[in-house]
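Undergrad: Could you have a look at this structure, given as structure tokens, before my questions?
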Amino acid sequence: MTALLTIIVLVFITVAIWQMVKIFDLANANNENTQVANDKDNRVNGYLMLGFLAFIYVITIVCIVKWGDLPLMSNSASAHGPKIDNLMIISMVLIFIVQTITQFLLYYFAFKYKGEKGRKALFYADNDKLEFIWTIIPVIVLAGLIIYGLFTWSEIMNVNEDDDPLVIELYAQQFNWKARYGGADNTLGKANVRLIDIDKANILGLDESDPNAQDDIITTELHLPVGKPVLFKMRSQDVLHSAYMPHFRAQMNCVPGMITQFGFTPTITTAEMRETPEMLEKVANINKIRLEKSKMLTDKGEEALDRYEFDYLLLCNKICGKSHYNMQMKIIVESQEDYDAWIKEQKLFKNSLVQN
Amino acid sequence: MSAHADTHDHDDHGHHHKETFVTKYIFSQDHKMIAKQYLITGTIMGVVGVIMSLMIRMQIAWPEEPNVIFEALLGKWAPDGVMDADIYLALVTIHGTIMVFFVLTAGLSGTFSNLLIPLQIGARDMASGLLNMISYWMFFLSSVIMVISLFVAAGPAAAGWTIYPPLSALPMAQGGSGMGMTLWLVSMAIFIASSLLGSLNYIVTVINLRTKGMSMTRLPLTIWAFFVTAIIGVVSFPVLLSAALLLIMDRSFGTSFFLSDIFLQGEVLHYQGGSPVLFEHLFWFLGHPEVYIVILPAMGLVSEIIATNSRKPIFGYRAMVAAILAIAFLSTIVWGHHMFISGMNPFLGSVFTFTTLLIAIPSAIKAFNWITTLWKGNLQFNTAMLFSIGLVSTFITGGLTGIILGDSALDINVHDTYFVVAHFHLVMGISALYGMFAGIYHWFPKMFGRMLNKNLGYIHFWVTAVCAYGVFFPMHFIGMAGLPRRYYTNSNFPLFDDLSNVNVIITIFALIGGAFQLVFLWNFFYSIFYGKKTVQNPWKSTTLEWTAPIKHIHGNWEGEIPHVHRWAYDYSKPGHDDDFVPQNIPLKEGEEELQH
């Protein structure tokens, strides 16, 4: 159906172009003027410049009003999240101001000084003072942004080991994620993909002789206790992947052959996040869309879509092959008690091995 | 032909070359013909690249639905009209490669460097016509190989245009990493060789073959831009070549430059000790300067066109040159901003944030100087001028979000989302494309002796301008909402369901914008043969190329090459009746050349 629609639109456009070409050709046939812009062209295009300025402003406003309430601006669920969001908002406001002013000058000048026969332009080739001003202003503004940015960056990237973070390995492979917890000793056992033994179900290549590995726990869902610093150690077994956790403002590539890391402290549990007014509204909106889509599907005799409930997600954000678009893991942030109860139910590594 | 570098007369010109069809149109060593060859090859590659982008957009907007266009164009890759996930990634990869290298590097810089360097500096031809010819034919060969790679049974290269290993190195990891990737690498290696030959030629020509009086400070900004672009190319393209060669060795000869500790499809591979991060460094050492290789020539063309059509000197010539040089220098020390979260040391990230944000300063100078050039001008809205103003506009809009992406702390969350896609498409894709269109509309009379139809040009510009903003402005917002790029479909993430209507809107704008490029193509090919005949200097421009005869001759000028007596921007100079004074007109008595 959509395809048909697309084709009809394309055919329509082609015919329209063809017609326009014919009209212009006919109009030009009796016209001895060259193809250089004349006063009428300058006037028409001058007004179009003004119209285009209005178009840019309208599309900006529409985008901000309709899609400006973004998870990126609110709803951050980690301790460092608000710092990134603050910096983002400051940068955005700055960009908005500069964009509004410069685009105005550009299109307004284009309109105001549209050419007329007989007028002479001002011979104005240089003004050191002016150029100095618009060099120094960006220098000052950028210096501020750079300093603010660098402080934020180093705060985020420097993991404080004194906080005794919960150490979790994120393990990436085509096309799924695994998490590995250090167990009671909070220490991950040694591992290398060369030690993978599928027959024994040692799928992450843990060193079976390492005492630290014995109580490791491997899961397919990521549970985090709220308020506790977490340090992720990332590993990949095949190609590059990227562990992207947008709600926590966290991302780091997983690189075969090396271990990368990223740390943060989750601050809002999944249950709390589901109850925030922004999230309730967002989920209601999504479910409305899904309901409409389901109707279309059931009409065609296909299965309806499930109702959506919010969950934090870990996404793969580095092109990794065919099913890159479906490489995800659920993240659940919960109270310490719930977390303890959950982790107790999980199998320890030494018990998960298949003994032949 | 390099003998024509000689600035003295050529009485016997035109007699000692017997030209056959082959030497005139195919294996030509004449820079003007080579420029046309680059332009037409680039245009054809551009059509391929744009069709791919429209298929990508249709897939994103209507992911599960069969589409007859897919069925027709993709064949076995779209059974029943539903696009395959592998071919989606291949389309993304080849679209990026074609647009960045084949259209906006070779098609843009190759065309206009070749056309304008000898004509604007007053030379008979390039320093070496033979190298120039070889450069074009290597580019042609690499284009052919890239197109052939689309028909490989296991699929074309599909690891993204950045071809990060291990994905690109291991055919087991992805079908496209087999023969498709081999052809991609071979094509790019030839392309790089072609680009290096061209760049060396441009540099030597600009340094050695300027006509009498054409000092470096009298060069038009176009030439400055081409010259500096060629230098960046010579510095950075060899690094990509070495990366490609090392990757070929990893793929074919079992070395481990970029690979280590890999377990794939049930077996441990032998690779040990390499690092994919090394590849990222090598790739972006070219990859980042590459965006300036793309945008600087466009900026040069636009500076020239804005001055001519404003009937005013370009404002702040010295600052413009300084900005080009500053951008060129900084462009080689910012590559790490593509790798903030690659696993490299966070301290390095700080350094690259610092250098990256510095680039905003020369960029701001350029933008302000263009705007000031318009001020109190007498603007002639020829199509080229519209596209030039369009470039300034999209360069500002796209460039400003660079402040966010260049900031390592902010990059964490928008890295590899559609925010990035929107940013670089506006700041280098659309902007450079506008520069290329502006150049074509402006120098078409010089190339073909005929004019493009202006009304079709106006339609082309205004629809393209509206659609470009319609596509890329909303795209920033879905990126900020966290939507990753290069996803075949988002339907596995209900989290993003509320963005699906935005994607449909974007795709509709893209389809309309894409369709209206047909207006340009028609205008272009029709006018080559049937356009209105041009006068010698249709835009009343000051630069030397307009003093050359309309009909192309070997050696560019009959008789002596004009001497240069003034800078390139004497528009509306007080004391002259005309509102332009060509560079070859001597100073009047008592007239002073502007100190610049």
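Here's how to read the names in the structure tokens: chain A, B, ... by the order shown, residue numbers from 1 in each chain, ligand numbers from 1 in the order shown.
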List the neighbours of Gln237 (chain A) out to 10 Å using only C-alpha atoms; skip same-chain residues closer than 5 positions along the sequence, and give me the result as a list of chain:residue names.

TA: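 Residues near the query, excluding close chain neighbours: A:Tyr171, A:Ala172, A:Gln173, A:Gln174, A:Asn192, A:Val193, A:Arg194, A:Ile196, A:Leu204, A:Gly205, A:Cys254, A:Val255, A:Pro256, A:Gly257, B:Ser260, B:Asp261, B:Ile262, B:Phe263, B:Leu264, B:Val268.
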
Undergrad: Which residue out of A:Cys316, A:Leu50, A:Ala79, A:Ala121 has the minimum interatomic distance to chain B when only C-alpha atoms are used?

TA: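 The shortest atom-to-atom distance to chain B comes from A:Ala121.
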
Undergrad: One decimal, Å: what's the distance from CA of Ile314 (chain B) over to CA of Thr373 (chain B), could you say?

TA: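 These two atoms are separated by 5.6 Å.
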
Undergrad: Taking into account only C-alpha atoms, which residue in the set B:Ile40, B:Val392, B:Val152, B:Ile404 is nearest to Gly149 (chain A)?

TA: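 Smallest separation from Gly149 (chain A) among the options: B:Ile404.
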
Undergrad: Take CA of His554 (chain B) and CA of Asp125 (chain B) and report the distance between them in Å, one decimal.

TA: 8.1 Å

Undergrad: Which residues come within 6 Å of Met451 (chain B), counting only C-alpha atoms, excluding same-chain residues fewer than 5 positions away, as a PyMOL selection string?

TA: chain B and resi 445+531-532+534

Undergrad: How about saving the chosen residues, N, CA and C atoms kept, as a JSON list (two decimals), in the first residue's frame?

TA:
```
[["chain", "number", "residue", "atom", "x", "y", "z"],
["B", 445, "PRO", "N", 28.72, 28.03, -17.79],
["B", 445, "PRO", "CA", 29.04, 28.71, -19.05],
["B", 445, "PRO", "C", 30.51, 28.57, -19.43],
["B", 531, "GLY", "N", 21.30, 24.64, -24.27],
["B", 531, "GLY", "CA", 21.17, 25.83, -23.43],
["B", 531, "GLY", "C", 21.44, 27.09, -24.25],
["B", 532, "LYS", "N", 21.04, 28.24, -23.68],
["B", 532, "LYS", "CA", 21.32, 29.50, -24.37],
["B", 532, "LYS", "C", 22.82, 29.73, -24.42],
["B", 534, "THR", "N", 26.32, 31.47, -24.14],
["B", 534, "THR", "CA", 26.75, 32.44, -23.15],
["B", 534, "THR", "C", 27.56, 33.56, -23.80]]
```

Undergrad: For chain A, which residue among B:Gly377, B:Gly49, B:Gly42, B:Gly96 is the nearest when counting only C-alpha atoms?

TA: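 Using only C-alpha atoms, chain A sits closest to B:Gly377.
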
Undergrad: Within 9 Å of region 173-188 of chain B, counting only C-alpha atoms, which residues qualify if same-chain residues fewer than 3 places away don't, as a ChimeraX atom specification?

TA: /A:174,238-239,320-322 /B:86-87,90,94,101,139,141-146,148-159,163,166-170,191-193,241,244-245,247-248,251,264-265
